[in-house]
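*Asks:* The following file, entry-v6.txt, comprises compact mmCIF, C-alpha atoms:
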# COMPACT_ATOMS: atom_id res chain seq x y z
CA MET A 5 151.29 151.97 70.32
CA ASN A 6 152.16 154.17 73.66
CA LYS A 7 154.26 155.81 81.04
CA ARG A 8 155.51 156.74 84.03
CA THR A 9 164.20 158.59 91.15
CA GLY A 10 167.38 156.47 94.54
CA VAL A 11 170.36 156.16 92.28
CA ILE A 12 171.43 152.89 90.63
CA ILE A 13 174.89 152.00 91.86
CA VAL A 14 176.54 150.37 88.91
CA GLY A 15 179.86 152.18 88.79
CA ILE A 16 182.53 150.82 86.50
CA ILE A 17 184.15 152.50 83.54
CA PHE A 18 184.00 150.59 80.29
CA LEU A 19 186.47 151.27 77.50
CA MET A 20 185.18 150.41 74.10
CA ILE A 21 186.16 150.80 70.48
CA PHE A 22 183.68 152.61 68.29
CA SER A 23 184.04 152.33 64.56
CA THR A 24 181.93 153.42 61.63
CA ALA A 25 182.53 153.73 57.94
CA CYS A 26 183.44 157.36 58.53
CA SER A 27 185.69 157.30 61.58
CA SER A 28 187.49 155.19 64.15
CA SER A 29 188.20 156.42 67.68
CA LYS A 30 188.19 155.35 71.32
CA GLU A 31 185.31 156.47 73.49
CA THR A 32 184.74 156.05 77.19
CA ILE A 33 181.18 155.51 78.31
CA GLN A 34 180.62 155.16 82.03
CA TYR A 35 178.05 152.97 83.67
CA GLU A 36 177.20 155.69 86.15
CA GLY A 37 177.73 159.12 84.70
CA ASP A 38 178.03 162.34 86.63
CA THR A 39 174.54 163.58 87.44
CA GLU A 40 175.89 167.13 87.07
CA MET A 41 177.05 166.50 83.51
CA LYS A 42 176.04 169.09 80.97
CA ALA A 43 174.80 168.17 77.52
CA THR A 44 172.14 168.85 74.94
CA LEU A 45 170.46 165.67 73.80
CA LYS A 46 168.46 165.72 70.59
CA VAL A 47 165.74 163.08 70.70
CA MET A 48 163.97 161.97 67.53
CA THR A 49 160.48 160.62 68.19
CA ASN A 50 157.04 160.51 66.63
CA ALA A 51 155.49 161.30 70.01
CA ASP A 52 154.19 164.72 70.94
CA GLN A 53 156.77 166.76 72.90
CA ASP A 54 154.47 167.29 75.89
CA TYR A 55 153.72 163.57 76.03
CA PHE A 56 157.40 162.61 75.71
CA MET A 57 158.44 164.98 78.49
CA LYS A 58 155.61 163.87 80.77
CA GLU A 59 156.34 160.17 80.30
CA TYR A 60 160.16 160.25 80.24
CA GLY A 61 161.81 163.65 80.08
CA ASP A 62 160.56 165.28 83.28
CA MET A 63 161.68 162.37 85.48
CA PHE A 64 165.03 162.19 83.71
CA ARG A 65 165.62 165.92 84.26
CA VAL A 66 165.17 165.45 88.01
CA LYS A 67 168.25 163.22 88.04
CA TYR A 68 170.13 165.02 85.27
CA PRO A 69 169.07 168.69 85.56
CA ASN A 70 171.87 169.91 83.29
CA ILE A 71 171.01 167.71 80.32
CA GLU A 72 168.73 169.59 77.97
CA LEU A 73 166.33 167.52 75.89
CA GLN A 74 165.40 168.72 72.43
CA VAL A 75 162.52 166.78 70.89
CA VAL A 76 162.54 166.39 67.12
CA ASN A 77 159.43 164.94 65.54
CA TYR A 78 159.17 162.81 62.43
CA THR A 79 156.55 160.96 60.44
CA SER A 80 156.72 157.79 58.40
CA THR A 81 157.07 159.87 55.24
CA ASN A 82 160.06 162.01 56.33
CA PHE A 83 161.88 159.51 58.55
CA ILE A 84 165.22 159.44 56.71
CA GLU A 85 165.13 163.15 55.85
CA VAL A 86 164.79 164.11 59.52
CA ILE A 87 167.73 161.86 60.47
CA GLU A 88 169.95 163.44 57.82
CA LYS A 89 168.90 167.00 58.63
CA GLU A 90 168.63 166.95 62.42
CA LYS A 91 171.35 164.36 63.22
CA PRO A 92 169.62 163.22 66.43
CA ASP A 93 171.55 161.66 69.31
CA LEU A 94 168.75 159.39 70.46
CA PHE A 95 165.92 157.62 68.64
CA THR A 96 162.60 156.18 69.73
CA LEU A 97 161.71 153.74 66.96
CA SER A 98 159.13 151.28 65.76
CA LEU A 99 160.38 147.72 65.27
CA LYS A 100 160.40 148.17 61.52
CA GLU A 101 162.46 151.38 61.82
CA TYR A 102 164.77 149.74 64.37
CA GLU A 103 165.44 146.82 62.05
CA GLN A 104 166.05 149.13 59.10
CA LEU A 105 168.54 151.40 60.90
CA ALA A 106 170.30 148.43 62.51
CA GLN A 107 170.89 146.89 59.09
CA GLU A 108 172.17 150.22 57.76
CA ASP A 109 174.69 150.60 60.65
CA VAL A 110 173.04 153.81 61.84
CA LEU A 111 172.64 152.57 65.42
CA TYR A 112 175.21 152.15 68.20
CA ASP A 113 175.80 148.62 69.46
CA LEU A 114 174.82 148.43 73.15
CA ASN A 115 176.05 144.86 73.70
CA THR A 116 179.37 145.84 75.26
CA LEU A 117 177.72 148.36 77.56
CA ILE A 118 175.21 145.84 78.83
CA ILE A 119 177.64 142.95 79.40
CA ASP A 120 178.25 144.17 82.94
CA ASP A 121 175.44 142.55 84.91
CA LYS A 122 175.33 145.53 87.24
CA PHE A 123 172.96 146.96 84.67
CA ASN A 124 170.03 144.73 85.48
CA LEU A 125 169.14 143.54 82.01
CA ASP A 126 167.90 140.29 83.58
CA GLY A 127 164.87 142.13 84.95
CA ILE A 128 163.63 143.03 81.47
CA HIS A 129 161.27 140.71 79.59
CA PRO A 130 163.76 138.24 78.03
CA GLY A 131 161.54 137.50 75.04
CA ILE A 132 161.57 141.15 74.00
CA VAL A 133 165.35 141.44 74.44
CA ASP A 134 165.85 138.32 72.33
CA TYR A 135 163.49 139.69 69.71
CA LEU A 136 165.50 142.92 69.44
CA LYS A 137 168.71 140.90 69.11
CA GLN A 138 167.25 138.85 66.30
CA LEU A 139 166.20 141.99 64.45
CA GLY A 140 169.74 143.30 65.00
CA LYS A 141 171.33 140.13 63.59
CA GLY A 142 172.62 139.10 67.02
CA LYS A 143 173.42 142.58 68.29
CA LEU A 144 171.37 144.72 70.66
CA TYR A 145 170.94 148.25 69.36
CA GLY A 146 168.18 149.42 71.67
CA LEU A 147 165.88 148.76 74.60
CA ILE A 148 162.15 148.99 75.14
CA SER A 149 160.63 150.09 78.45
CA GLU A 150 157.00 149.08 77.85
CA PHE A 151 154.72 147.11 75.57
CA GLN A 152 151.18 145.94 74.98
CA SER A 153 150.00 142.35 74.97
CA LYS A 154 146.77 140.44 75.36
CA ALA A 155 145.45 137.99 77.92
CA ILE A 156 142.32 136.00 78.67
CA TYR A 157 140.21 137.78 81.28
CA TYR A 158 137.88 135.43 83.14
CA ASN A 159 135.19 135.68 85.80
CA LYS A 160 136.14 133.27 88.60
CA ASP A 161 132.69 133.39 90.19
CA LEU A 162 130.97 132.21 87.01
CA PHE A 163 133.44 129.37 86.57
CA ASP A 164 132.96 128.35 90.19
CA LYS A 165 129.17 128.58 89.95
CA TYR A 166 129.04 126.06 87.12
CA SER A 167 131.98 123.95 88.31
CA ILE A 168 133.92 124.63 85.12
CA PRO A 169 137.75 124.60 85.26
CA TYR A 170 139.45 127.96 84.83
CA PRO A 171 141.15 128.72 81.51
CA GLN A 172 144.79 127.67 81.45
CA ASP A 173 147.87 129.36 80.06
CA GLN A 174 148.80 128.50 76.48
CA MET A 175 145.35 127.45 75.29
CA THR A 176 144.50 127.71 71.59
CA TRP A 177 141.46 129.56 70.31
CA LYS A 178 139.69 126.27 69.56
CA GLU A 179 140.35 125.07 73.12
CA LEU A 180 139.09 128.36 74.51
CA ILE A 181 135.89 128.13 72.49
CA GLN A 182 135.36 124.54 73.61
CA LEU A 183 135.67 125.79 77.20
CA ALA A 184 133.20 128.59 76.46
CA LYS A 185 130.67 126.04 75.19
CA ARG A 186 130.43 124.54 78.69
CA PHE A 187 128.47 127.52 80.00
CA PRO A 188 124.65 127.21 79.95
CA ALA A 189 123.25 129.62 77.39
CA GLU A 190 119.78 128.93 78.79
CA ASP A 191 120.84 130.72 81.99
CA GLY A 192 121.70 133.82 79.98
CA VAL A 193 125.41 133.22 80.38
CA SER A 194 127.84 133.04 77.46
CA GLY A 195 131.31 131.61 77.73
CA LEU A 196 133.12 134.26 75.68
CA TYR A 197 132.50 137.88 74.72
CA MET A 198 134.27 139.57 71.83
CA GLN A 199 133.31 142.97 70.50
CA ASN A 200 132.16 141.82 67.07
CA PHE A 201 132.70 139.30 64.27
CA SER A 202 135.67 141.17 62.81
CA VAL A 203 137.48 141.52 66.14
CA LEU A 204 137.20 137.80 66.84
CA ALA A 205 138.27 136.96 63.28
CA GLU A 206 141.27 139.30 63.56
CA ASN A 207 142.36 137.78 66.86
CA MET A 208 142.09 134.24 65.57
CA SER A 209 143.80 135.01 62.26
CA LEU A 210 146.78 136.59 64.04
CA SER A 211 147.36 133.44 66.07
CA GLN A 212 147.25 131.40 62.86
CA HIS A 213 149.61 133.73 60.92
CA LEU A 214 146.87 134.65 58.46
CA ASN A 215 146.68 138.06 56.84
CA GLU A 216 143.77 139.48 54.91
CA VAL A 217 146.08 140.89 52.23
CA ASN A 218 149.24 139.73 50.47
CA VAL A 219 151.15 143.01 50.24
CA LYS A 220 153.75 141.59 47.84
CA ASP A 221 151.15 140.67 45.23
CA MET A 222 148.63 143.30 46.33
CA LYS A 223 145.90 140.67 46.56
CA VAL A 224 143.20 140.23 49.19
CA THR A 225 143.30 136.71 50.64
CA LEU A 226 139.97 136.39 52.42
CA ASN A 227 138.27 133.93 50.08
CA THR A 228 140.53 131.01 50.98
CA GLU A 229 140.19 127.64 52.69
CA SER A 230 142.17 128.87 55.69
CA TYR A 231 139.80 131.76 56.30
CA LYS A 232 136.79 129.56 55.62
CA GLU A 233 137.85 127.18 58.37
CA LEU A 234 138.35 130.13 60.72
CA PHE A 235 134.96 131.68 59.90
CA ASN A 236 133.25 128.31 60.35
CA VAL A 237 134.68 128.04 63.87
CA ILE A 238 133.32 131.49 64.67
CA MET A 239 129.87 130.74 63.26
CA ASP A 240 129.65 127.44 65.14
CA ALA A 241 130.57 129.21 68.38
CA TYR A 242 128.06 131.97 67.70
CA GLU A 243 125.21 129.65 66.77
CA SER A 244 125.80 127.55 69.89
CA LYS A 245 125.62 130.80 71.91
CA ALA A 246 129.00 130.03 73.45
CA VAL A 247 130.26 133.34 72.04
CA VAL A 248 128.48 136.69 71.95
CA LEU A 249 129.45 139.32 69.36
CA PRO A 250 127.17 142.30 70.16
CA ASP A 251 129.04 144.82 67.97
CA ILE A 252 129.00 147.44 70.72
CA ASP A 253 131.05 150.64 70.67
CA THR A 254 134.75 150.27 71.47
CA PHE A 255 134.44 152.84 74.25
CA GLU A 256 131.45 151.21 75.94
CA VAL A 257 132.60 150.29 79.44
CA TYR A 258 129.77 147.99 80.45
CA ASP A 259 130.28 145.14 78.01
CA PRO A 260 129.03 141.59 78.74
CA PHE A 261 132.19 140.66 80.63
CA ILE A 262 132.07 143.73 82.86
CA THR A 263 128.38 143.18 83.59
CA GLY A 264 128.96 139.51 84.42
CA THR A 265 126.95 137.86 81.66
CA SER A 266 130.01 136.51 79.81
CA ALA A 267 132.60 134.40 81.56
CA MET A 268 135.60 135.41 79.45
CA THR A 269 137.00 137.98 77.06
CA VAL A 270 140.36 138.43 75.35
CA ASP A 271 141.86 141.89 75.28
CA TYR A 272 144.96 144.01 75.78
CA TYR A 273 146.42 145.09 79.14
CA TYR A 274 144.72 148.46 78.87
CA TYR A 275 141.34 146.74 79.30
CA ILE A 276 142.09 146.80 83.04
CA ASN A 277 142.16 150.57 83.19
CA ASN A 278 139.79 151.38 80.34
CA LYS A 279 137.03 149.06 81.48
CA ILE A 280 137.50 147.27 84.83
CA ASN A 281 138.97 150.14 86.85
CA TRP A 282 136.60 152.62 85.23
CA ALA A 283 133.57 150.59 86.21
CA LYS A 284 134.95 150.07 89.72
CA GLU A 285 135.49 153.81 90.19
CA GLU A 286 132.06 154.66 88.84
CA LYS A 287 130.07 151.96 90.66
CA GLY A 288 132.11 151.73 93.85
CA ASP A 289 130.87 149.03 96.26
CA LYS A 290 128.11 148.10 93.81
CA PHE A 291 130.66 146.75 91.32
CA HIS A 292 131.47 143.10 91.81
CA LEU A 293 133.76 141.34 89.35
CA ASN A 294 136.01 138.59 90.66
CA TRP A 295 138.34 138.46 87.66
CA GLU A 296 141.66 136.80 86.88
CA LEU A 297 144.05 136.33 83.95
CA ALA A 298 145.51 133.59 81.76
CA THR A 299 147.77 133.98 78.75
CA ALA A 300 146.26 134.96 75.44
CA PRO A 301 145.36 132.13 73.05
CA VAL A 302 148.30 130.68 71.13
CA ASN A 303 149.07 128.78 67.97
CA GLU A 304 149.02 125.02 68.53
CA SER A 305 152.42 124.61 66.86
CA SER A 306 154.08 127.28 69.00
CA ARG A 307 152.46 127.47 72.42
CA ASP A 308 155.27 129.53 73.99
CA THR A 309 154.88 132.51 71.64
CA SER A 310 152.25 135.19 71.12
CA GLN A 311 151.21 137.21 68.11
CA TYR A 312 149.63 139.88 70.30
CA PHE A 313 152.72 141.86 71.30
CA THR A 314 152.59 145.52 70.30
CA ILE A 315 156.13 146.80 70.68
CA GLY A 316 157.36 150.29 69.87
CA GLY A 317 159.35 153.14 71.32
CA CYS A 318 162.64 151.28 71.02
CA MET A 319 165.31 153.65 72.33
CA SER A 320 168.58 153.60 70.41
CA ILE A 321 171.70 155.74 70.09
CA ASN A 322 172.85 157.28 66.83
CA ALA A 323 176.23 155.76 65.99
CA GLU A 324 177.42 159.21 64.84
CA SER A 325 176.26 161.07 67.94
CA GLU A 326 178.77 163.14 69.91
CA GLN A 327 176.57 162.82 72.99
CA LYS A 328 176.69 159.06 73.48
CA GLN A 329 177.28 159.37 77.23
CA ALA A 330 174.16 161.50 77.73
CA ALA A 331 172.18 159.26 75.38
CA TRP A 332 173.27 156.14 77.31
CA GLU A 333 172.32 157.81 80.60
CA PHE A 334 168.85 158.46 79.21
CA ILE A 335 168.36 154.90 77.94
CA LYS A 336 169.75 153.43 81.14
CA PHE A 337 167.50 155.60 83.31
CA VAL A 338 164.28 154.92 81.38
CA HIS A 339 164.99 151.17 81.55
CA SER A 340 166.11 151.15 85.19
CA ASP A 341 164.50 149.65 88.27
CA GLU A 342 164.02 153.10 89.78
CA PHE A 343 162.08 154.37 86.76
CA ALA A 344 159.91 151.24 86.56
CA LYS A 345 159.28 151.35 90.31
CA ALA A 346 158.16 154.98 90.13
CA LYS A 347 155.85 154.20 87.22
CA SER A 348 154.35 151.18 89.00
CA LYS A 349 152.70 153.41 91.61
CA THR A 350 149.98 154.46 89.18
CA PRO A 351 148.00 152.56 86.53
CA GLY A 352 149.14 152.99 82.96
CA PHE A 353 148.30 152.22 79.38
CA TYR A 354 151.26 149.89 78.81
CA VAL A 355 152.95 146.97 80.54
CA PRO A 356 156.52 147.73 81.76
CA THR A 357 159.17 145.44 80.31
CA ARG A 358 160.68 145.18 83.79
CA THR A 359 158.63 142.28 85.04
CA GLU A 360 158.67 143.17 88.75
CA TYR A 361 156.97 146.53 88.45
CA THR A 362 153.54 146.16 86.91
CA TYR A 363 150.84 148.18 88.68
CA ASN A 364 148.96 145.45 90.52
CA PRO A 365 147.26 146.54 93.76
CA GLU A 366 144.82 143.60 93.64
CA GLY A 367 147.47 140.90 93.20
CA LYS A 368 146.23 139.56 89.86
CA ARG A 369 148.22 137.16 87.64
CA MET A 370 150.02 139.85 85.68
CA GLU A 371 152.54 137.21 84.64
CA ALA A 372 149.98 136.30 81.99
CA PHE A 373 151.27 139.30 80.01
CA TYR A 374 154.91 138.16 80.40
CA TYR A 375 154.72 134.37 80.19
CA LEU A 376 154.78 134.18 76.40
CA LYS A 377 157.42 135.66 74.11
CA PRO A 378 156.97 137.62 70.88
CA ASP A 379 156.58 135.51 67.78
CA VAL A 380 159.75 136.25 65.80
CA SER A 381 158.34 134.38 62.80
CA SER A 382 155.70 137.06 62.29
CA VAL A 383 156.18 139.27 59.27
CA PHE A 384 155.92 143.05 59.39
CA VAL A 385 153.00 144.23 57.29
CA ASP A 386 153.90 147.58 55.75
CA TYR A 387 150.52 149.28 55.82
CA GLU A 388 152.09 152.37 54.25
CA LEU A 389 152.02 150.45 50.98
CA LEU A 390 148.24 150.13 51.25
CA PRO A 391 145.59 152.77 50.51
CA LYS A 392 144.92 155.21 53.32
CA GLY A 393 142.44 153.77 55.78
CA PHE A 394 142.61 150.28 54.27
CA TYR A 395 143.12 148.52 57.60
CA GLY A 396 140.00 149.99 59.17
CA ASN A 397 137.93 149.64 56.02
CA ILE A 398 138.74 145.96 55.46
CA ARG A 399 137.80 145.27 59.06
CA GLY A 400 134.47 146.97 58.43
CA ILE A 401 133.87 144.82 55.37
CA ILE A 402 134.68 141.61 57.25
CA ASN A 403 132.34 142.65 60.05
CA SER A 404 129.41 143.60 57.82
CA GLU A 405 129.65 140.40 55.78
CA GLY A 406 130.05 138.32 58.93
CA LYS A 407 126.92 139.89 60.40
CA ALA A 408 125.04 139.04 57.21
CA VAL A 409 125.90 135.38 57.80
CA MET A 410 124.96 135.63 61.48
CA VAL A 411 121.42 136.80 60.59
CA ASP A 412 121.05 134.28 57.73
CA ALA A 413 121.01 137.00 55.07
CA LYS A 414 123.91 135.34 53.25
CA SER A 415 125.65 132.01 53.16
CA LEU A 416 129.25 131.93 54.33
CA ASP A 417 130.45 131.30 50.77
CA GLU A 418 128.53 134.32 49.50
CA ALA A 419 129.88 136.52 52.30
CA MET A 420 133.47 135.43 51.69
CA ALA A 421 133.17 136.10 47.96
CA SER A 422 131.86 139.57 48.79
CA MET A 423 134.67 140.16 51.31
CA GLN A 424 137.17 139.28 48.59
CA GLU A 425 135.58 141.46 45.93
CA ARG A 426 134.97 144.51 48.13
CA GLY A 427 138.39 144.20 49.73
CA GLN A 428 140.16 143.99 46.37
CA GLN A 429 138.30 147.07 45.17
CA LEU A 430 139.63 148.92 48.22
CA LEU A 431 143.14 147.69 47.57
CA ASP A 432 143.05 148.67 43.88
CA LYS A 433 142.18 152.28 44.70
CA LYS A 434 145.82 153.13 45.37
Can you dump the structure from the file as C-alpha cells?
*Replies:*
Amino acid sequence: MNKRTGVIIVGIIFLMIFSTACSSSKETIQYEGDTEMKATLKVMTNADQDYFMKEYGDMFRVKYPNIELQVVNYTSTNFIEVIEKEKPDLFTLSLKEYEQLAQEDVLYDLNTLIIDDKFNLDGIHPGIVDYLKQLGKGKLYGLISEFQSKAIYYNKDLFDKYSIPYPQDQMTWKELIQLAKRFPAEDGVSGLYMQNFSVLAENMSLSQHLNEVNVKDMKVTLNTESYKELFNVIMDAYESKAVVLPDIDTFEVYDPFITGTSAMTVDYYYYINNKINWAKEEKGDKFHLNWELATAPVNESSRDTSQYFTIGGCMSINAESEQKQAAWEFIKFVHSDEFAKAKSKTPGFYVPTRTEYTYNPEGKRMEAFYYLKPDVSSVFVDYELLPKGFYGNIRGIINSEGKAVMVDAKSLDEAMASMQERGQQLLDKK
C-alpha cells in the first residue's frame, strides 16, 4: 500500500562468494561505500517516478550525488517481461512478488551482508524481518522500510467518565465487543464505531482467517456456519447499541469517534493523519480528543500475531546486477537510522519499520503498531485471478445485505443466501 542525512559509520569490507546458475565470481561489497562513487542504478517499481524520487531518491542523491537513478515501471501483467527486458539492478516488490523471485533465485542473498551488527538490523521490526526470511526459505533477500497496521483507538475521557477499564493489548474481537457493551447507550454513547457492516465483517473475518471466496475452487464461501457465527456477533452488538455502523463516507473526518460519541474504533495508522490530525488542524483549540492506542484485535489461538499488516515495497537486489554495490548502498540508506530519523520529523502515511522513529509528538503508545508480528500462516489471495473489481463489489454486496438485516427487511439466513448467490454471480463473470 505506500515516506520520508550524518553518515552511518559501519566500515568493514566483506568478501563474499556470489554464484548463480550462469556464473561464479568473487565480489567485494563494502559496508560503507564511497559517497563519490559513480553508477547508474536501474530501479524497478510500480510507484510513480515523482513519488519514488520524493520519498526515497531525492534524499539518497544528497548522500550519493553521482549515482543516477533510473526508474522503470511495471504492472502485475508485465512483471516478468519488464525484468527480462530492462534487467533492473534494484526491485521494490510486493510480498507475493518477493516470494516468487526468491524461489526462482532471481534475488541476491543479503544474509552475509547483514551479519555484521554494525548495520543496525536490530532496530527494524523483528516480526517483519522474520516474515521475509520465512518467505525466502530461511534467507533474507530484501528489506522493508515501512508498513501499515491497525490498532484500537480509544477515548480515555469516555472510559474514565464511566469507570470502564481501558482496552488491553491482544484482545479478541469478542472481548472488544464485550467491553463496548459496558457503555450506556441511553447516554448517547456507543462503545465501538466501525464505518459499516461490511468493514466490521471484513476486520473480524481477517482475524479468524476467513475469506469470502475460495480462489482454488472459484467458490464464494459466505453462506457458511463460520460466517453465520461472525454475522450473529455483529448483529448482537448492533442491536445492543454497543456498536454503531453509520455507513458514512470513507473520507468523512468527523466520524463518531472523532466527535466523541463512540469510545473506540479500529483502524490503520493513517487514521491519525487522515482524521485526528485533520480535525485538530481544522478545529484548533476547539478540538478535544484525549485518545490512546492498544493493539488491534487478535485471534484467540494466536494472540501475538496480527492479520492487519499491509507490507509492500520490499527492496531487493537483482542477483545478475553489475551494480550490486550501488544497489546495496541504496537499500542500506533507505533502511538506516538516519533516513528513518529524517522521516520521523513529519507525519506520514506509513509506519517506519525502524521502531524508534515513528512520528509521535504527543507521546502516544505507538508500540501498539509494533507489538504484534505478521501472521505467517495467512495465505496470499491472488485477486488477479478474480474478475476486475470483485473485491470492492463483494464488499458492497455484504454491506447491502447486512443493512437489510439491520433494518429487519431480511432474516440473516435470507441475507446470507443472497450474499452467496450474488457473490457467485460476480465470480462467474470472469
*Asks:* With distances taken over all atoms listed in the file, which residue among A:Ile238, A:Ala246, A:Val217, A:Ile335 lies nearest Leu390 (chain A)?
*Replies:*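 Nearest candidate to Leu390 (chain A) out of A:Ile238, A:Ala246, A:Val217, A:Ile335: A:Val217.
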*Asks:* Name the closest residue to Val66 (chain A) among the candidates A:Thr265, A:Thr39, A:Asn277, A:Pro169; distances are taken between atoms, counting all atoms listed in the file.
*Replies:*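 Of the candidates, the smallest distance to Val66 (chain A) is held by A:Thr39.
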*Asks:* Please, what distance in Å, to one decimal, runs between CA of Trp282 (chain A) and CA of Asn50 (chain A)?
*Replies:*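 Rounded to one decimal, the two atoms are 28.7 Å apart.
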*Asks:* Any idea what the distance is between CA of Ala155 (chain A) and CA of Tyr273 (chain A)?
*Replies:*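 Distance reported for this atom pair: 7.3 Å.
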*Asks:* Give as a tab-separated table (two decimals) with C-alpha atoms, in the frame of the given file every residue, naming chains and numbers as the document does, that has an atom within 12 Å of (136.3, 137.1, 63.7), counting all atoms listed in the file.
*Replies:*
chain	number	residue	atom	x	y	z
A	177	TRP	CA	141.46	129.56	70.31
A	197	TYR	CA	132.50	137.88	74.72
A	198	MET	CA	134.27	139.57	71.83
A	199	GLN	CA	133.31	142.97	70.50
A	200	ASN	CA	132.16	141.82	67.07
A	201	PHE	CA	132.70	139.30	64.27
A	202	SER	CA	135.67	141.17	62.81
A	203	VAL	CA	137.48	141.52	66.14
A	204	LEU	CA	137.20	137.80	66.84
A	205	ALA	CA	138.27	136.96	63.28
A	206	GLU	CA	141.27	139.30	63.56
A	207	ASN	CA	142.36	137.78	66.86
A	208	MET	CA	142.09	134.24	65.57
A	209	SER	CA	143.80	135.01	62.26
A	210	LEU	CA	146.78	136.59	64.04
A	211	SER	CA	147.36	133.44	66.07
A	216	GLU	CA	143.77	139.48	54.91
A	226	LEU	CA	139.97	136.39	52.42
A	231	TYR	CA	139.80	131.76	56.30
A	232	LYS	CA	136.79	129.56	55.62
A	233	GLU	CA	137.85	127.18	58.37
A	234	LEU	CA	138.35	130.13	60.72
A	235	PHE	CA	134.96	131.68	59.90
A	236	ASN	CA	133.25	128.31	60.35
A	237	VAL	CA	134.68	128.04	63.87
A	238	ILE	CA	133.32	131.49	64.67
A	239	MET	CA	129.87	130.74	63.26
A	240	ASP	CA	129.65	127.44	65.14
A	241	ALA	CA	130.57	129.21	68.38
A	242	TYR	CA	128.06	131.97	67.70
A	247	VAL	CA	130.26	133.34	72.04
A	248	VAL	CA	128.48	136.69	71.95
A	249	LEU	CA	129.45	139.32	69.36
A	251	ASP	CA	129.04	144.82	67.97
A	399	ARG	CA	137.80	145.27	59.06
A	400	GLY	CA	134.47	146.97	58.43
A	401	ILE	CA	133.87	144.82	55.37
A	402	ILE	CA	134.68	141.61	57.25
A	403	ASN	CA	132.34	142.65	60.05
A	404	SER	CA	129.41	143.60	57.82
A	405	GLU	CA	129.65	140.40	55.78
A	406	GLY	CA	130.05	138.32	58.93
A	407	LYS	CA	126.92	139.89	60.40
A	410	MET	CA	124.96	135.63	61.48
*Asks:* With only C-alpha atoms as the atoms that count, which of A:Phe187, A:Tyr375, A:Phe337, A:Trp332 lies nearest to Lys165 (chain A)?
*Replies:*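 The shortest atom-to-atom distance to Lys165 (chain A) comes from A:Phe187.
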*Asks:* What would the list of residues within 10 Å of (144.0, 129.9, 74.6) (file frame) look like as a list in words, if all atoms listed in the file are what count?
*Replies:*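 Residues satisfying the cut-off, written out: Ala155, Ile156, Pro171, Gln172, Asp173, Gln174, Met175, Thr176, Trp177, Lys178, Glu179, Leu180, Ile181, Leu183, Ser211, Val270, Ala298, Thr299, Ala300, Pro301, Val302, Asn303, Glu304 and Arg307 of chain A.
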*Asks:* Give me the residues within 12 Å of Glu59 (chain A) as a ChimeraX atom specification, counting all atoms listed in the file and dropping any in the same chain fewer than 3 places off.
*Replies:* /A:6-8,51-56,62-65,149-150,317,338,343-344,346-347,352-354
*Asks:* When you draw a straight line from CA of Asn218 (chain A) to CA of Asp379 (chain A), how long is it in Å?
*Replies:*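 Interatomic distance, CA of Asn218 (chain A) to CA of Asp379 (chain A): 19.3 Å.
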*Asks:* Tell me which protein, DNA and RNA residues are within 6 Å of Cys318 (chain A), counting only C-alpha atoms, leaving out same-chain ones fewer than 5 positions away, and put them as an NGL selection string.
*Replies:* :A and (96-97 or 146-148)
*Asks:* With distances taken over all atoms listed in the file, which of A:Val219, A:Leu45, A:Leu144, A:Leu297 is nearest to Tyr102 (chain A)?
*Replies:*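 Looking only at the distances to Tyr102 (chain A), the closest residue turns out to be A:Leu144.
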*Asks:* Which residue, A:Glu425, A:Asp412, A:Asp259, A:Glu88, has the smallest gap to Thr225 (chain A) when you use only C-alpha atoms?
*Replies:* A:Glu425
*Asks:* As a PDB file with C-alpha atoms, in the frame of the given file, please: the residues near Ile321 (chain A) (cut-off 8 Å, only C-alpha atoms, same-chain neighbours under 4 positions excluded).
*Replies:*
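So out-v4.pdb came out as:
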ATOM      1  CA  ASP A  93     171.550 161.660  69.310  1.00  0.00           C
ATOM      2  CA  LEU A  94     168.750 159.390  70.460  1.00  0.00           C
ATOM      3  CA  PHE A  95     165.920 157.620  68.640  1.00  0.00           C
ATOM      4  CA  LEU A 111     172.640 152.570  65.420  1.00  0.00           C
ATOM      5  CA  TYR A 112     175.210 152.150  68.200  1.00  0.00           C
ATOM      6  CA  TYR A 145     170.940 148.250  69.360  1.00  0.00           C
ATOM      7  CA  GLY A 146     168.180 149.420  71.670  1.00  0.00           C
ATOM      8  CA  SER A 325     176.260 161.070  67.940  1.00  0.00           C
ATOM      9  CA  LYS A 328     176.690 159.060  73.480  1.00  0.00           C
ATOM     10  CA  ALA A 331     172.180 159.260  75.380  1.00  0.00           C
ATOM     11  CA  TRP A 332     173.270 156.140  77.310  1.00  0.00           C
TER      12      TRP A 332
END
*Asks:* List the spatial neighbours of Phe83 (chain A) as a ChimeraX atom specification - criterion: any atom at most 12 Å away, all atoms listed in the file, same-chain residues fewer than 6 positions off excluded.
*Replies:* /A:48-50,76-77,89-92,95-98,100-102,104-105
*Asks:* Taking 6 positions as the minimum chain separation for residues in the same chain, which residues sit within 10 Å of Lys279 (chain A) when counting all atoms listed in the file? Answer as a list in words.
*Replies:*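 Non-adjacent residues within range: Phe255, Glu256, Val257, Tyr258, Asp259, Phe261 and Ile262 of chain A.
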*Asks:* Considering all atoms listed in the file, state which residue in the set A:Gln327, A:Thr254, A:Ser320, A:Thr359 is at the smallest distance from Ala43 (chain A).
*Replies:*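 The closest residue to Ala43 (chain A) is A:Gln327.
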